[in-house]
Amino acid sequence: MSAKIPRNFRLLEELEKGEKGLGAEACSYGLEDGDDLLMTNWNGTILGPPHSVHENRIYSLKIHCGESYPDVPPIVTFVSKINLPGVDQRDGKVDNTKLPCLSQWKRDFTMETILIEIRRYMALPQHKKLPQPPEGSTYT
Amino acid sequence: MALPKRIIKETERLMAEPVPGISAVPHEENLRYFDVTIDGPSSSPYEGGTFKLELFLPDDYPMTPPKVRFLTKIYHPNIDRLGRICLDVLKSNWSPALQIRTILLSIQALLGAPNPDDPLANDVAQRWKEDEKAAIQTAREWTAEHAKKA
């Protein structure tokens, strides 16, 4: 077992990885407020997966990392409207039980893990052809 | 995982012989993670303030330096908006011969001697160079506003 990296230093690592663009190309994330010393609220984007109804669309999400992150998963909410099982159509909130990475959360998962998995979930055969709301519409 | 002897020794000494104006207390549930306070050096713009920091000793410490960050907002050319510190001994000039104690002393010294030529917070450094008096005044105001002793 290795040293348990505390929340804030973990988030700083994620921030630096995100800023340098070292992560997957199709997803990105950054701090909502660059002055927030607690690094609680993040913006994420997912580039719609190819060969799906989402192709060429850019989806914005909000990620809320609470005090107990990464012992518990963050709260993930779509800002851009999307028709996808597990996304609450009233407010865009992602149901943690529907996404394996959130329901079986592990401490070494990151915000990037989540965004990549959501993107993969969007591209599943049973999801990739679902009719979608107009591009650019949002929940708020 | 058992805590390396080196870390146990450093922690014991920090407790037994604390450095004046500096405290470092490990979290009970994570002995590699410390709550730190540093008093602003006298005759610096940070005088009278007590600054909170957090420090973490990664797996490969002391082969790699501790990770340290300010939790109190501070106006300083070598400390950015998220409290990250630009200090050579925390990066390329780290040596396993250094310790938590020496690092915290270096940070305290950095408060007494801001170095706008090696900036991390670019806007602060620029102001420091253009109008040092005004920058120092802002640093004083931030100290009074954010770093008041509890």
# chains A, B, ... in the order shown; residues from 1 in each chain; ligands from 1

call {"tool": "interface_residues", "arguments": {"of": "chain A", "to": "chain B", "cutoff": "12 Å", "atoms": "only C-alpha atoms", "output": "list in words"}}
result
Met1, Ser2, Ala3, Lys4, Ile5, Pro6, Arg7, Asn8, Phe9, Arg10, Leu11, Leu12, Glu13, Leu15, Glu16, Leu31, Asp33, Gly34, Asp35, Asp36, Leu37, Leu38 and Met39 of chain A

call {"tool": "residues_around", "arguments": {"residues": "region 51-63 of chain A", "least_positions_apart": "4", "cutoff": "10 Å", "atoms": "only C-alpha atoms", "output": "VMD selection string"}}
result
chain A and resid 26 to 32 40 to 47 73 to 82 92 to 94 111 114 to 115 119 122 to 125 127 to 132 135 to 138

call {"tool": "select_by_dssp", "arguments": {"residues": "chain A", "states": "alpha helix (DSSP H)", "output": "number ranges by chain"}}
result
A: 7-20, 100-103, 111-122

call {"tool": "write_last_selection", "arguments": {"atoms": "N, CA and C atoms", "output": "short mmCIF file (atom, residue, chain, number, x, y, z; two decimals), in the first residue's frame"}}
result
data_model
loop_
_atom_site.label_atom_id
_atom_site.label_comp_id
_atom_site.auth_asym_id
_atom_site.auth_seq_id
_atom_site.Cartn_x
_atom_site.Cartn_y
_atom_site.Cartn_z
N ARG A 7 -6.68 15.00 -0.43
CA ARG A 7 -7.58 15.59 -1.42
C ARG A 7 -6.95 16.74 -2.20
N ASN A 8 -6.44 17.75 -1.47
CA ASN A 8 -6.00 18.96 -2.17
C ASN A 8 -4.81 18.71 -3.09
N PHE A 9 -3.88 17.87 -2.65
CA PHE A 9 -2.72 17.60 -3.51
C PHE A 9 -3.12 16.73 -4.70
N ARG A 10 -4.11 15.87 -4.48
CA ARG A 10 -4.64 15.09 -5.59
C ARG A 10 -5.28 16.02 -6.63
N LEU A 11 -6.08 16.98 -6.14
CA LEU A 11 -6.73 17.89 -7.08
C LEU A 11 -5.71 18.77 -7.80
N LEU A 12 -4.64 19.17 -7.10
CA LEU A 12 -3.58 19.95 -7.76
C LEU A 12 -2.94 19.12 -8.89
N GLU A 13 -2.73 17.84 -8.63
CA GLU A 13 -2.16 16.97 -9.67
C GLU A 13 -3.10 16.90 -10.87
N GLU A 14 -4.39 16.74 -10.58
CA GLU A 14 -5.36 16.67 -11.68
C GLU A 14 -5.37 17.98 -12.45
N LEU A 15 -5.31 19.09 -11.71
CA LEU A 15 -5.31 20.42 -12.34
C LEU A 15 -4.13 20.56 -13.28
N GLU A 16 -2.94 20.17 -12.79
CA GLU A 16 -1.75 20.32 -13.61
C GLU A 16 -1.81 19.44 -14.85
N LYS A 17 -2.32 18.25 -14.68
CA LYS A 17 -2.47 17.36 -15.83
C LYS A 17 -3.45 17.97 -16.85
N GLY A 18 -4.54 18.51 -16.33
CA GLY A 18 -5.54 19.13 -17.20
C GLY A 18 -4.99 20.36 -17.91
N GLU A 19 -4.22 21.18 -17.17
CA GLU A 19 -3.67 22.41 -17.76
C GLU A 19 -2.65 22.11 -18.84
N LYS A 20 -1.87 21.08 -18.63
CA LYS A 20 -0.84 20.74 -19.61
C LYS A 20 -1.42 19.98 -20.79
N PRO A 100 -20.70 2.73 -14.15
CA PRO A 100 -19.84 1.85 -13.36
C PRO A 100 -18.72 2.60 -12.61
N CYS A 101 -18.09 3.58 -13.24
CA CYS A 101 -16.96 4.23 -12.57
C CYS A 101 -17.42 5.02 -11.36
N LEU A 102 -18.68 5.46 -11.35
CA LEU A 102 -19.19 6.20 -10.20
C LEU A 102 -19.78 5.27 -9.15
N SER A 103 -20.47 4.21 -9.61
CA SER A 103 -21.09 3.30 -8.63
C SER A 103 -20.03 2.43 -7.96
N MET A 111 -11.19 12.78 -12.32
CA MET A 111 -12.22 13.41 -13.14
C MET A 111 -12.10 12.96 -14.59
N GLU A 112 -10.85 12.75 -15.02
CA GLU A 112 -10.65 12.29 -16.38
C GLU A 112 -11.25 10.90 -16.59
N THR A 113 -11.06 10.02 -15.61
CA THR A 113 -11.66 8.68 -15.68
C THR A 113 -13.16 8.80 -15.97
N ILE A 114 -13.81 9.70 -15.23
CA ILE A 114 -15.26 9.85 -15.34
C ILE A 114 -15.65 10.36 -16.72
N LEU A 115 -14.96 11.42 -17.18
CA LEU A 115 -15.32 12.01 -18.47
C LEU A 115 -15.14 11.00 -19.60
N ILE A 116 -14.04 10.25 -19.54
CA ILE A 116 -13.80 9.26 -20.59
C ILE A 116 -14.88 8.18 -20.55
N GLU A 117 -15.25 7.78 -19.32
CA GLU A 117 -16.26 6.73 -19.24
C GLU A 117 -17.63 7.22 -19.69
N ILE A 118 -17.96 8.46 -19.37
CA ILE A 118 -19.24 9.01 -19.85
C ILE A 118 -19.25 9.02 -21.38
N ARG A 119 -18.11 9.42 -21.95
CA ARG A 119 -18.04 9.47 -23.41
C ARG A 119 -18.24 8.08 -24.02
N ARG A 120 -17.64 7.09 -23.38
CA ARG A 120 -17.79 5.71 -23.85
C ARG A 120 -19.25 5.27 -23.72
N TYR A 121 -19.86 5.67 -22.63
CA TYR A 121 -21.26 5.33 -22.34
C TYR A 121 -22.17 5.95 -23.40
N MET A 122 -21.82 7.18 -23.84
CA MET A 122 -22.61 7.85 -24.88
C MET A 122 -22.55 7.09 -26.21
#

call {"tool": "select_by_dssp", "arguments": {"residues": "region 34-136 of chain A", "states": "strand (DSSP E or B)", "output": "CSV table (one decimal) with N, CA, C and O atoms, in the first residue's frame"}}
result
chain,number,residue,atom,x,y,z
A,41,ASN,N,-15.2,23.4,-7.4
A,41,ASN,CA,-16.0,23.3,-8.6
A,41,ASN,C,-15.2,23.3,-9.9
A,41,ASN,O,-14.3,24.2,-10.0
A,42,TRP,N,-15.5,22.4,-10.8
A,42,TRP,CA,-14.7,22.2,-12.0
A,42,TRP,C,-15.7,22.2,-13.2
A,42,TRP,O,-16.8,21.8,-13.1
A,43,ASN,N,-15.1,22.6,-14.3
A,43,ASN,CA,-15.9,22.5,-15.6
A,43,ASN,C,-15.2,21.4,-16.4
A,43,ASN,O,-14.0,21.3,-16.5
A,44,GLY,N,-16.1,20.6,-17.0
A,44,GLY,CA,-15.5,19.6,-17.9
A,44,GLY,C,-16.2,19.7,-19.3
A,44,GLY,O,-17.3,20.3,-19.4
A,45,THR,N,-15.5,19.2,-20.3
A,45,THR,CA,-16.1,19.1,-21.6
A,45,THR,C,-15.8,17.7,-22.2
A,45,THR,O,-14.8,17.1,-21.9
A,46,ILE,N,-16.8,17.3,-22.9
A,46,ILE,CA,-16.7,16.0,-23.7
A,46,ILE,C,-17.0,16.3,-25.1
A,46,ILE,O,-18.0,16.9,-25.4
A,47,LEU,N,-16.0,15.9,-26.0
A,47,LEU,CA,-16.3,15.9,-27.4
A,47,LEU,C,-17.1,14.7,-27.8
A,47,LEU,O,-16.7,13.6,-27.5
A,58,ILE,N,-20.2,19.4,-28.6
A,58,ILE,CA,-19.3,19.6,-27.4
A,58,ILE,C,-20.3,19.7,-26.2
A,58,ILE,O,-21.1,20.5,-26.2
A,59,TYR,N,-20.1,18.8,-25.3
A,59,TYR,CA,-20.9,18.8,-24.1
A,59,TYR,C,-20.2,19.4,-22.9
A,59,TYR,O,-19.0,19.0,-22.6
A,60,SER,N,-20.8,20.3,-22.2
A,60,SER,CA,-20.3,20.9,-21.0
A,60,SER,C,-20.9,20.3,-19.8
A,60,SER,O,-22.1,19.9,-19.8
A,61,LEU,N,-20.0,20.1,-18.8
A,61,LEU,CA,-20.4,19.5,-17.5
A,61,LEU,C,-19.9,20.2,-16.4
A,61,LEU,O,-18.9,21.0,-16.5
A,62,LYS,N,-20.5,20.1,-15.2
A,62,LYS,CA,-20.0,20.6,-14.0
A,62,LYS,C,-19.6,19.4,-13.1
A,62,LYS,O,-20.3,18.4,-13.0
A,63,ILE,N,-18.5,19.6,-12.4
A,63,ILE,CA,-18.0,18.5,-11.5
A,63,ILE,C,-17.8,19.1,-10.2
A,63,ILE,O,-17.0,20.1,-10.1
A,64,HIS,N,-18.4,18.6,-9.2
A,64,HIS,CA,-18.3,19.1,-7.8
A,64,HIS,C,-17.5,18.2,-6.9
A,64,HIS,O,-18.0,17.1,-6.7
A,75,ILE,N,-19.8,14.9,-7.7
A,75,ILE,CA,-21.2,15.0,-8.2
A,75,ILE,C,-21.0,15.6,-9.7
A,75,ILE,O,-20.4,16.7,-9.9
A,76,VAL,N,-21.5,14.9,-10.6
A,76,VAL,CA,-21.3,15.3,-12.0
A,76,VAL,C,-22.7,15.7,-12.6
A,76,VAL,O,-23.7,15.0,-12.4
A,77,THR,N,-22.7,16.8,-13.3
A,77,THR,CA,-23.9,17.3,-13.9
A,77,THR,C,-23.7,17.8,-15.3
A,77,THR,O,-22.7,18.6,-15.5
A,78,PHE,N,-24.5,17.4,-16.2
A,78,PHE,CA,-24.5,18.0,-17.5
A,78,PHE,C,-25.0,19.4,-17.5
A,78,PHE,O,-26.1,19.6,-17.0
A,80,SER,N,-24.9,21.0,-20.8
A,80,SER,CA,-25.5,20.9,-22.1
A,80,SER,C,-26.6,19.8,-22.0
A,80,SER,O,-26.4,18.7,-21.4
A,87,VAL,N,-29.1,10.4,-16.9
A,87,VAL,CA,-29.0,11.8,-16.8
A,87,VAL,C,-30.4,12.4,-16.5
A,87,VAL,O,-31.3,12.2,-17.3
A,93,LYS,N,-28.3,16.2,-13.8
A,93,LYS,CA,-27.4,15.5,-12.9
A,93,LYS,C,-27.3,14.0,-13.3
A,93,LYS,O,-28.2,13.4,-13.7
A,94,VAL,N,-26.0,13.5,-13.2
A,94,VAL,CA,-25.7,12.2,-13.6
A,94,VAL,C,-26.0,11.2,-12.4
A,94,VAL,O,-25.5,11.5,-11.3

call {"tool": "residues_around", "arguments": {"residues": "Pro45 (chain B)", "least_positions_apart": "2", "cutoff": "9 Å", "atoms": "only C-alpha atoms", "output": "VMD selection string"}}
result
chain B and resid 40 to 43 47 to 48 111 to 112 136 to 141 143

call {"tool": "atom_distance", "arguments": {"atom1": "CA of Pro119 (chain B)", "atom2": "CA of Pro77 (chain B)"}}
result
5.4 Å
